[in-house]
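Undergrad: Contents of run_19.cif (mmCIF, C-alpha atoms and all ligand atoms):
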```cif
data_model
loop_
_atom_site.group_PDB
_atom_site.id
_atom_site.type_symbol
_atom_site.label_atom_id
_atom_site.label_comp_id
_atom_site.auth_asym_id
_atom_site.auth_seq_id
_atom_site.Cartn_x
_atom_site.Cartn_y
_atom_site.Cartn_z
ATOM 1 C CA MET A 20 0.438 -71.563 -1.423
ATOM 2 C CA ARG A 21 0.582 -67.833 -0.787
ATOM 3 C CA GLN A 22 -0.678 -65.693 -3.666
ATOM 4 C CA PRO A 23 1.797 -62.862 -4.270
ATOM 5 C CA ILE A 24 0.522 -59.391 -3.433
ATOM 6 C CA ILE A 25 1.959 -56.325 -5.146
ATOM 7 C CA ALA A 26 0.685 -53.085 -3.644
ATOM 8 C CA GLY A 27 1.402 -49.553 -4.796
ATOM 9 C CA ASN A 28 1.602 -46.998 -2.011
ATOM 10 C CA TRP A 29 1.155 -43.720 -3.836
ATOM 11 C CA LYS A 30 1.844 -41.733 -0.645
ATOM 12 C CA MET A 31 0.944 -38.026 -1.038
ATOM 13 C CA ASN A 32 1.385 -37.914 -4.804
ATOM 14 C CA GLY A 33 -0.856 -37.313 -7.774
ATOM 15 C CA SER A 34 -3.653 -35.202 -9.159
ATOM 16 C CA ARG A 35 -6.990 -36.118 -10.728
ATOM 17 C CA LYS A 36 -5.316 -36.009 -14.127
ATOM 18 C CA SER A 37 -2.207 -38.039 -13.265
ATOM 19 C CA ILE A 38 -4.280 -40.609 -11.401
ATOM 20 C CA ALA A 39 -6.672 -41.035 -14.340
ATOM 21 C CA ASP A 40 -3.656 -41.607 -16.606
ATOM 22 C CA LEU A 41 -2.052 -44.068 -14.197
ATOM 23 C CA MET A 42 -5.267 -46.030 -13.767
ATOM 24 C CA SER A 43 -5.811 -46.174 -17.494
ATOM 25 C CA GLY A 44 -2.300 -47.624 -17.924
ATOM 26 C CA LEU A 45 -2.917 -50.172 -15.192
ATOM 27 C CA LYS A 46 -6.282 -51.185 -16.631
ATOM 28 C CA ASN A 47 -4.712 -51.820 -20.023
ATOM 29 C CA GLY A 48 -2.033 -54.110 -18.660
ATOM 30 C CA VAL A 49 -3.307 -55.754 -15.515
ATOM 31 C CA ALA A 50 -4.847 -58.739 -17.291
ATOM 32 C CA GLU A 51 -1.340 -59.762 -18.414
ATOM 33 C CA VAL A 52 -0.056 -60.000 -14.862
ATOM 34 C CA GLY A 53 -0.382 -63.610 -13.754
ATOM 35 C CA ASP A 54 -1.858 -64.954 -10.541
ATOM 36 C CA VAL A 55 -0.911 -61.943 -8.457
ATOM 37 C CA GLU A 56 -3.069 -59.685 -6.330
ATOM 38 C CA MET A 57 -2.531 -56.117 -7.548
ATOM 39 C CA VAL A 58 -3.453 -53.341 -5.114
ATOM 40 C CA VAL A 59 -3.317 -49.548 -5.313
ATOM 41 C CA SER A 60 -3.294 -47.220 -2.344
ATOM 42 C CA PRO A 61 -4.160 -43.639 -3.330
ATOM 43 C CA PRO A 62 -4.316 -40.608 -1.050
ATOM 44 C CA SER A 63 -7.703 -40.903 0.680
ATOM 45 C CA ILE A 64 -9.338 -38.006 -1.150
ATOM 46 C CA TYR A 65 -8.932 -39.909 -4.426
ATOM 47 C CA ILE A 66 -10.224 -43.255 -3.179
ATOM 48 C CA ALA A 67 -13.743 -42.778 -4.561
ATOM 49 C CA GLU A 68 -12.362 -41.777 -7.923
ATOM 50 C CA VAL A 69 -9.932 -44.690 -8.067
ATOM 51 C CA ALA A 70 -12.739 -47.050 -7.026
ATOM 52 C CA ALA A 71 -14.699 -45.880 -10.057
ATOM 53 C CA LEU A 72 -11.669 -46.052 -12.359
ATOM 54 C CA SER A 73 -10.777 -49.584 -11.239
ATOM 55 C CA SER A 74 -14.274 -51.000 -11.302
ATOM 56 C CA GLY A 75 -14.544 -54.105 -13.446
ATOM 57 C CA THR A 76 -10.808 -54.846 -13.073
ATOM 58 C CA SER A 77 -9.016 -57.147 -10.660
ATOM 59 C CA ILE A 78 -7.194 -54.203 -9.038
ATOM 60 C CA ALA A 79 -7.950 -54.012 -5.317
ATOM 61 C CA LEU A 80 -8.102 -50.797 -3.356
ATOM 62 C CA SER A 81 -6.232 -49.869 -0.203
ATOM 63 C CA ALA A 82 -6.059 -46.788 1.995
ATOM 64 C CA GLN A 83 -2.797 -45.469 3.451
ATOM 65 C CA ASP A 84 -3.972 -44.992 7.036
ATOM 66 C CA LEU A 85 -7.090 -44.981 9.204
ATOM 67 C CA SER A 86 -8.229 -43.760 12.582
ATOM 68 C CA ASP A 87 -8.128 -46.071 15.573
ATOM 69 C CA ALA A 88 -11.554 -44.678 16.496
ATOM 70 C CA THR A 89 -14.841 -45.681 14.884
ATOM 71 C CA SER A 90 -16.569 -42.275 14.708
ATOM 72 C CA GLY A 91 -16.971 -39.021 16.580
ATOM 73 C CA PRO A 92 -14.958 -35.914 17.379
ATOM 74 C CA TYR A 93 -11.677 -36.731 15.596
ATOM 75 C CA THR A 94 -11.159 -33.815 13.240
ATOM 76 C CA GLY A 95 -9.332 -34.777 10.075
ATOM 77 C CA GLU A 96 -9.442 -38.532 10.653
ATOM 78 C CA ILE A 97 -11.050 -41.241 8.559
ATOM 79 C CA ALA A 98 -12.702 -44.319 10.035
ATOM 80 C CA GLY A 99 -12.224 -47.820 8.702
ATOM 81 C CA SER A 100 -15.987 -48.082 8.046
ATOM 82 C CA MET A 101 -15.713 -45.075 5.702
ATOM 83 C CA LEU A 102 -12.867 -46.691 3.776
ATOM 84 C CA LYS A 103 -14.902 -49.883 3.519
ATOM 85 C CA ASP A 104 -17.908 -47.854 2.363
ATOM 86 C CA PHE A 105 -15.858 -46.614 -0.592
ATOM 87 C CA GLY A 106 -14.641 -50.030 -1.638
ATOM 88 C CA CYS A 107 -11.314 -50.446 0.148
ATOM 89 C CA LYS A 108 -10.202 -54.002 0.842
ATOM 90 C CA TYR A 109 -6.898 -53.135 2.529
ATOM 91 C CA VAL A 110 -5.433 -50.355 4.652
ATOM 92 C CA ILE A 111 -1.782 -49.717 5.425
ATOM 93 C CA VAL A 112 -1.030 -49.305 9.134
ATOM 94 C CA GLY A 113 2.221 -48.328 10.769
ATOM 95 C CA HIS A 114 4.037 -47.116 7.672
ATOM 96 C CA SER A 115 7.446 -45.790 8.655
ATOM 97 C CA GLU A 116 6.390 -42.305 7.587
ATOM 98 C CA ARG A 117 3.639 -42.480 10.205
ATOM 99 C CA ARG A 118 5.865 -44.072 12.821
ATOM 100 C CA ASN A 119 8.960 -41.948 12.327
ATOM 101 C CA VAL A 120 7.658 -38.725 10.817
ATOM 102 C CA ARG A 121 4.268 -38.485 12.560
ATOM 103 C CA GLY A 122 5.395 -40.156 15.772
ATOM 104 C CA GLU A 123 2.891 -43.016 15.897
ATOM 105 C CA GLY A 124 3.829 -45.633 18.465
ATOM 106 C CA ASP A 125 3.441 -49.402 18.538
ATOM 107 C CA ASP A 126 0.346 -49.256 20.737
ATOM 108 C CA LEU A 127 -1.588 -46.860 18.491
ATOM 109 C CA ILE A 128 -0.596 -48.910 15.458
ATOM 110 C CA ALA A 129 -1.865 -52.088 17.132
ATOM 111 C CA ASP A 130 -5.180 -50.318 17.753
ATOM 112 C CA LYS A 131 -5.340 -49.155 14.136
ATOM 113 C CA PHE A 132 -4.653 -52.740 13.025
ATOM 114 C CA LYS A 133 -7.611 -53.943 15.109
ATOM 115 C CA ALA A 134 -9.836 -51.039 14.003
ATOM 116 C CA ALA A 135 -9.157 -52.007 10.385
ATOM 117 C CA GLN A 136 -10.219 -55.601 10.981
ATOM 118 C CA ASP A 137 -13.268 -54.542 12.963
ATOM 119 C CA ALA A 138 -14.339 -52.491 9.938
ATOM 120 C CA GLY A 139 -13.923 -55.471 7.606
ATOM 121 C CA LEU A 140 -10.606 -54.333 6.125
ATOM 122 C CA THR A 141 -7.372 -56.294 5.896
ATOM 123 C CA PRO A 142 -4.498 -54.372 7.477
ATOM 124 C CA ILE A 143 -1.091 -54.226 5.813
ATOM 125 C CA LEU A 144 1.133 -53.900 8.874
ATOM 126 C CA CYS A 145 4.429 -52.167 8.092
ATOM 127 C CA ILE A 146 7.461 -52.917 10.195
ATOM 128 C CA GLY A 147 11.168 -52.277 9.773
ATOM 129 C CA GLU A 148 14.313 -50.901 11.304
ATOM 130 C CA LEU A 149 16.059 -47.545 11.002
ATOM 131 C CA LEU A 150 19.591 -47.413 9.604
ATOM 132 C CA GLU A 151 21.127 -46.953 13.049
ATOM 133 C CA GLU A 152 19.166 -49.932 14.343
ATOM 134 C CA ARG A 153 20.493 -52.125 11.525
ATOM 135 C CA GLU A 154 24.025 -50.867 12.146
ATOM 136 C CA SER A 155 23.765 -51.622 15.834
ATOM 137 C CA GLY A 156 22.524 -55.142 15.112
ATOM 138 C CA VAL A 157 18.979 -54.857 16.495
ATOM 139 C CA THR A 158 16.980 -55.355 13.276
ATOM 140 C CA GLU A 159 15.350 -58.564 14.509
ATOM 141 C CA GLU A 160 14.513 -57.116 17.929
ATOM 142 C CA VAL A 161 12.846 -54.105 16.311
ATOM 143 C CA CYS A 162 10.771 -56.236 13.941
ATOM 144 C CA ALA A 163 9.798 -58.615 16.739
ATOM 145 C CA ARG A 164 8.754 -55.704 18.969
ATOM 146 C CA GLN A 165 6.617 -54.161 16.224
ATOM 147 C CA ILE A 166 4.836 -57.491 15.543
ATOM 148 C CA ASP A 167 4.494 -58.320 19.226
ATOM 149 C CA ALA A 168 2.721 -55.016 19.853
ATOM 150 C CA VAL A 169 -0.187 -56.485 17.871
ATOM 151 C CA ILE A 170 0.145 -60.069 19.133
ATOM 152 C CA ASN A 171 0.391 -59.134 22.814
ATOM 153 C CA LYS A 172 -2.700 -56.961 22.654
ATOM 154 C CA TYR A 173 -4.911 -58.885 20.238
ATOM 155 C CA GLY A 174 -3.479 -62.414 19.919
ATOM 156 C CA THR A 175 -1.605 -64.211 17.156
ATOM 157 C CA SER A 176 -4.708 -65.335 15.248
ATOM 158 C CA VAL A 177 -5.497 -61.758 14.133
ATOM 159 C CA LEU A 178 -2.473 -61.982 11.852
ATOM 160 C CA SER A 179 -4.290 -64.573 9.740
ATOM 161 C CA ASN A 180 -6.351 -61.758 8.235
ATOM 162 C CA SER A 181 -3.468 -59.418 7.515
ATOM 163 C CA VAL A 182 -0.420 -58.787 5.398
ATOM 164 C CA VAL A 183 2.931 -57.805 6.891
ATOM 165 C CA ALA A 184 5.234 -55.477 4.968
ATOM 166 C CA TYR A 185 8.886 -55.519 5.949
ATOM 167 C CA GLU A 186 10.214 -52.113 4.965
ATOM 168 C CA PRO A 187 13.716 -51.320 6.179
ATOM 169 C CA VAL A 188 13.507 -47.560 6.702
ATOM 170 C CA TRP A 189 16.942 -46.967 5.175
ATOM 171 C CA ALA A 190 15.717 -48.494 1.909
ATOM 172 C CA ILE A 191 12.574 -46.377 1.565
ATOM 173 C CA GLY A 192 12.823 -43.771 -1.166
ATOM 174 C CA THR A 193 16.616 -43.925 -1.110
ATOM 175 C CA GLY A 194 17.343 -46.187 -4.062
ATOM 176 C CA LYS A 195 19.266 -48.419 -1.606
ATOM 177 C CA THR A 196 17.352 -51.673 -1.853
ATOM 178 C CA ALA A 197 18.040 -54.444 0.624
ATOM 179 C CA THR A 198 19.797 -57.292 -1.139
ATOM 180 C CA PRO A 199 17.599 -60.339 -1.707
ATOM 181 C CA GLU A 200 19.663 -62.162 0.959
ATOM 182 C CA GLN A 201 19.318 -59.350 3.513
ATOM 183 C CA ALA A 202 15.571 -59.159 2.934
ATOM 184 C CA GLN A 203 15.061 -62.935 2.960
ATOM 185 C CA LYS A 204 16.908 -63.227 6.270
ATOM 186 C CA VAL A 205 14.533 -60.792 7.968
ATOM 187 C CA HIS A 206 11.445 -62.249 6.285
ATOM 188 C CA ALA A 207 12.419 -65.731 7.492
ATOM 189 C CA PHE A 208 12.989 -64.340 10.973
ATOM 190 C CA ILE A 209 9.514 -62.714 10.981
ATOM 191 C CA ARG A 210 7.845 -65.951 9.851
ATOM 192 C CA ASP A 211 9.772 -68.024 12.411
ATOM 193 C CA HIS A 212 8.949 -65.575 15.162
ATOM 194 C CA ILE A 213 5.228 -65.924 14.413
ATOM 195 C CA ALA A 214 5.546 -69.697 13.880
ATOM 196 C CA LYS A 215 6.724 -70.079 17.463
ATOM 197 C CA LYS A 216 3.264 -68.891 18.479
ATOM 198 C CA ASP A 217 1.189 -70.320 15.622
ATOM 199 C CA GLN A 218 2.660 -72.334 12.754
ATOM 200 C CA THR A 219 -0.487 -72.239 10.623
ATOM 201 C CA VAL A 220 -0.782 -68.458 10.834
ATOM 202 C CA ALA A 221 2.911 -68.096 9.987
ATOM 203 C CA ASP A 222 2.677 -70.437 7.004
ATOM 204 C CA GLY A 223 -0.286 -68.566 5.534
ATOM 205 C CA LEU A 224 0.960 -65.038 6.185
ATOM 206 C CA ARG A 225 1.981 -62.990 3.171
ATOM 207 C CA ILE A 226 5.066 -60.910 3.927
ATOM 208 C CA GLN A 227 5.839 -58.126 1.449
ATOM 209 C CA TYR A 228 9.165 -56.422 0.994
ATOM 210 C CA GLY A 229 9.202 -52.637 0.585
ATOM 211 C CA GLY A 230 12.022 -50.172 0.004
ATOM 212 C CA SER A 231 13.188 -49.083 -3.442
ATOM 213 C CA MET A 232 11.713 -52.133 -5.144
ATOM 214 C CA ASN A 233 11.553 -51.509 -8.884
ATOM 215 C CA ALA A 234 11.144 -53.239 -12.217
ATOM 216 C CA GLY A 235 14.852 -54.117 -12.287
ATOM 217 C CA ASN A 236 15.279 -55.686 -8.851
ATOM 218 C CA ALA A 237 11.798 -57.125 -8.216
ATOM 219 C CA ALA A 238 12.371 -60.602 -9.679
ATOM 220 C CA ASP A 239 15.431 -61.304 -7.506
ATOM 221 C CA LEU A 240 13.690 -60.140 -4.357
ATOM 222 C CA LEU A 241 10.415 -61.919 -5.127
ATOM 223 C CA SER A 242 12.146 -65.210 -5.879
ATOM 224 C CA GLN A 243 13.196 -65.515 -2.232
ATOM 225 C CA PRO A 244 11.130 -68.151 -0.421
ATOM 226 C CA ASP A 245 9.722 -65.870 2.294
ATOM 227 C CA ILE A 246 9.109 -62.785 0.141
ATOM 228 C CA ASP A 247 5.485 -62.931 -0.947
ATOM 229 C CA GLY A 248 5.097 -59.578 -2.623
ATOM 230 C CA GLY A 249 6.062 -55.959 -2.567
ATOM 231 C CA LEU A 250 4.894 -52.662 -1.172
ATOM 232 C CA ILE A 251 6.054 -50.179 -3.756
ATOM 233 C CA GLY A 252 6.353 -46.412 -3.448
ATOM 234 C CA GLY A 253 8.021 -44.489 -6.274
ATOM 235 C CA ALA A 254 7.856 -47.239 -8.890
ATOM 236 C CA SER A 255 4.103 -47.638 -8.384
ATOM 237 C CA LEU A 256 3.469 -44.195 -9.849
ATOM 238 C CA LYS A 257 4.336 -45.373 -13.368
ATOM 239 C CA ALA A 258 1.947 -47.934 -14.835
ATOM 240 C CA GLU A 259 4.655 -49.629 -16.880
ATOM 241 C CA ASP A 260 6.983 -50.097 -13.898
ATOM 242 C CA PHE A 261 4.251 -51.239 -11.533
ATOM 243 C CA LEU A 262 2.943 -53.750 -14.059
ATOM 244 C CA ALA A 263 6.495 -55.016 -14.658
ATOM 245 C CA ILE A 264 6.818 -55.706 -10.922
ATOM 246 C CA GLY A 265 3.462 -57.497 -11.017
ATOM 247 C CA LYS A 266 4.651 -59.638 -13.926
ATOM 248 C CA ALA A 267 7.902 -60.450 -12.099
ATOM 249 C CA ALA A 268 5.769 -61.788 -9.232
ATOM 250 C CA GLY A 269 3.547 -63.709 -11.653
ATOM 251 C CA ASN A 270 6.458 -65.332 -13.475
ATOM 252 C CA LEU A 271 8.007 -67.013 -10.445
HETATM 253 P P1 LIG A 301 9.864 -46.645 -2.255
HETATM 254 O O1 LIG A 301 9.464 -47.804 -3.125
HETATM 255 O O2 LIG A 301 9.662 -45.313 -2.932
HETATM 256 O O3 LIG A 301 11.209 -46.825 -1.652
HETATM 257 O O4 LIG A 301 8.825 -46.620 -1.023
HETATM 258 C C1 LIG A 301 8.596 -47.788 -0.337
HETATM 259 C C2 LIG A 301 7.465 -47.568 0.598
HETATM 260 O O5 LIG A 301 7.588 -46.844 1.557
HETATM 261 C C3 LIG A 301 6.202 -48.232 0.293
HETATM 262 O O6 LIG A 301 5.320 -48.139 1.356
#
```
Could you write out this file's structure as structure tokens?
Ligand code: 13P

TA:
Amino acid sequence: MRQPIIAGNWKMNGSRKSIADLMSGLKNGVAEVGDVEMVVSPPSIYIAEVAALSSGTSIALSAQDLSDATSGPYTGEIAGSMLKDFGCKYVIVGHSERRNVRGEGDDLIADKFKAAQDAGLTPILCIGELLEERESGVTEEVCARQIDAVINKYGTSVLSNSVVAYEPVWAIGTGKTATPEQAQKVHAFIRDHIAKKDQTVADGLRIQYGGSMNAGNAADLLSQPDIDGGLIGGASLKAEDFLAIGKAAGNL
């Protein structure tokens, strides 16, 4: 049985004031969400503050990125050990905005995945195809390549301590959600692809969907057999909407 995981990726949004308000809304409602792991991923400068604001609740903390290095002369970077030091449980690696906007490649992302685990964090590995890749029929190849970058370098068993987020790039921030059938097809492919190497790892792996998930479409997406949660951008910035997605996962 895979416990659903609903994670809010706040991206580069918020202020001390808006984050305090959001956390207060989440604290008031999170107990009503059922057996669902609720996670928030603030910009790194707010992690300490969100750790304090979420203390005593079941809300887990994630970072949005980390360095592949452990320490040293890497100006502007943050090591996994530092994120762990401030209470993070998860860290997102390979988000499409890092792959496609910041130019991070599969190899660096695989190293970040491993650096996260070495620091005691659970990586949330984001994968997903661009619109032109979907239109040219290579969605599965792209997802397989992005997963295999980790498997080929570090083995299949490392996936047992991770979450995978399938985020079709064309659905991110566009309001164009994948249909439940489109998403399920790719999620099933991802699980099968991993199952060919290790059935137990595949069966236990939580695979989130991300891309314009909101309070209105969450239940249909989350009711698909291989969709085990969501990685939510815009709708995670409003406590009411984020909690509604959590409840949709809890009511399945
Ligand atoms: P939206 O929910 O805003 O489409 O963003 C999805 C995402 O990129 C989460 O990581």

Undergrad: Residues within 9 Å of ligand LIG 301 (chain A) should be enumerated using only C-alpha atoms and all ligand atoms and returned as a count of residues only.

TA: 36

Undergrad: Tell me, as an MDAnalysis selection string, which residues lie within 9 Å of Ala138 (chain A), counting only C-alpha atoms; anything in the same chain fewer than 2 positions away does not count.

TA: chainID A and resid 89 98:103 133:136 140:141

Undergrad: Apply the PyMOL selection byres (((chain A and resi 40-49) around 7) and not hetatm) to the structure shown and report the selected residues as a list in words.

TA: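 That selection, the PyMOL selection byres (((chain A and resi 40-49) around 7) and not hetatm), comes back as Lys36, Ser37, Ile38, Ala39, Ala50, Glu51, Val52, Leu72, Thr76, Lys257, Ala258 and Leu262 of chain A.
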
Undergrad: What is the distance, in Å and to one decimal place, between CA of Arg164 (chain A) and CA of Asp125 (chain A)?

TA: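 Distance reported for this atom pair: 8.3 Å.
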
Undergrad: Pick the closest to Thr158 (chain A) from A:Ile209, A:Asn119, A:Gly124, A:Glu56: which is it, counting only C-alpha atoms?

TA: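 Smallest separation from Thr158 (chain A) among the options: A:Ile209.
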
Undergrad: Rounded to one decimal, what separation in Å do you get between CA of Val182 (chain A) and CA of Val169 (chain A)?

TA: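 For CA of Val182 (chain A) relative to CA of Val169 (chain A), the distance reads 12.7 Å.
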
Undergrad: Neighbours of Ala234 (chain A) within 7 Å (all atoms listed in the file; same-chain residues fewer than 2 positions away dropped), as a list in words?

TA: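 Near Ala234 (chain A), the qualifying residues are Asn236, Ala237, Asp260, Ala263 and Ile264 of chain A.
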
Undergrad: Quick one, how far is CA of Leu178 (chain A) from CA of Val220 (chain A)?

TA: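 Interatomic distance here is 6.8 Å.
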
Undergrad: Find the residues near Ser176 (chain A): any atom within 9 Å, counting all atoms listed in the file, skip ones fewer than 4 places away on the same chain, and give them as a list of chain:residue names.

TA: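 Once the nearby chain positions are removed, what remains is A:Ile170, A:Asn180, A:Asp217, A:Val220.
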
Undergrad: May I have the residues within 6 Å of Pro142 (chain A) as number ranges by chain, using only C-alpha atoms and disregarding those fewer than 2 positions away in the same chain?

TA: A: 109-111, 132, 135, 144, 181

Undergrad: Of the candidates A:Ala82, A:Val69, A:Ile24, A:Ala197, which one gets nearest to Met57 (chain A) if we count all atoms listed in the file?

TA: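 Checking each candidate against Met57 (chain A), we get A:Ile24 as the closest.
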
Undergrad: Using the chain letters and numbering of this document, enumerate as an MDAnalysis selection string the residues selected by the PyMOL selection byres (((chain A and resi 221) around 9) and not hetatm).

TA: chainID A and resid 178:179 209:220 222:225

Undergrad: I need the residue nearest Cys107 (chain A) from this list: A:Asp247, A:Asp130, A:Glu68, A:Asp87. Use all atoms listed in the file for the distance.

TA: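 Under the stated criterion, the closest residue is A:Glu68.
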
Undergrad: Counting all atoms listed in the file, which of A:Gly235, A:Ile166, A:Thr175, A:Gly248 gets nearest to Gln203 (chain A)?

TA: A:Gly248

Undergrad: As a list in words, please: the residues near Glu160 (chain A) (cut-off 12 Å, all atoms listed in the file, same-chain neighbours under 2 positions excluded).

TA: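 In the requested form, the answer reads Ile146, Gly147, Glu148, Leu149, Glu152, Arg153, Ser155, Gly156, Val157, Thr158, Cys162, Ala163, Arg164, Gln165, Ile166, Asp167, Val205, Phe208, Ile209 and His212 of chain A.
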
Undergrad: Under the PyMOL selection byres (((chain A and resi 70) around 10) and not hetatm), which residues of this model are included? Write them out as a PyMOL selection string.

TA: chain A and resi 59+61+65-69+71-75+78-81+105-107
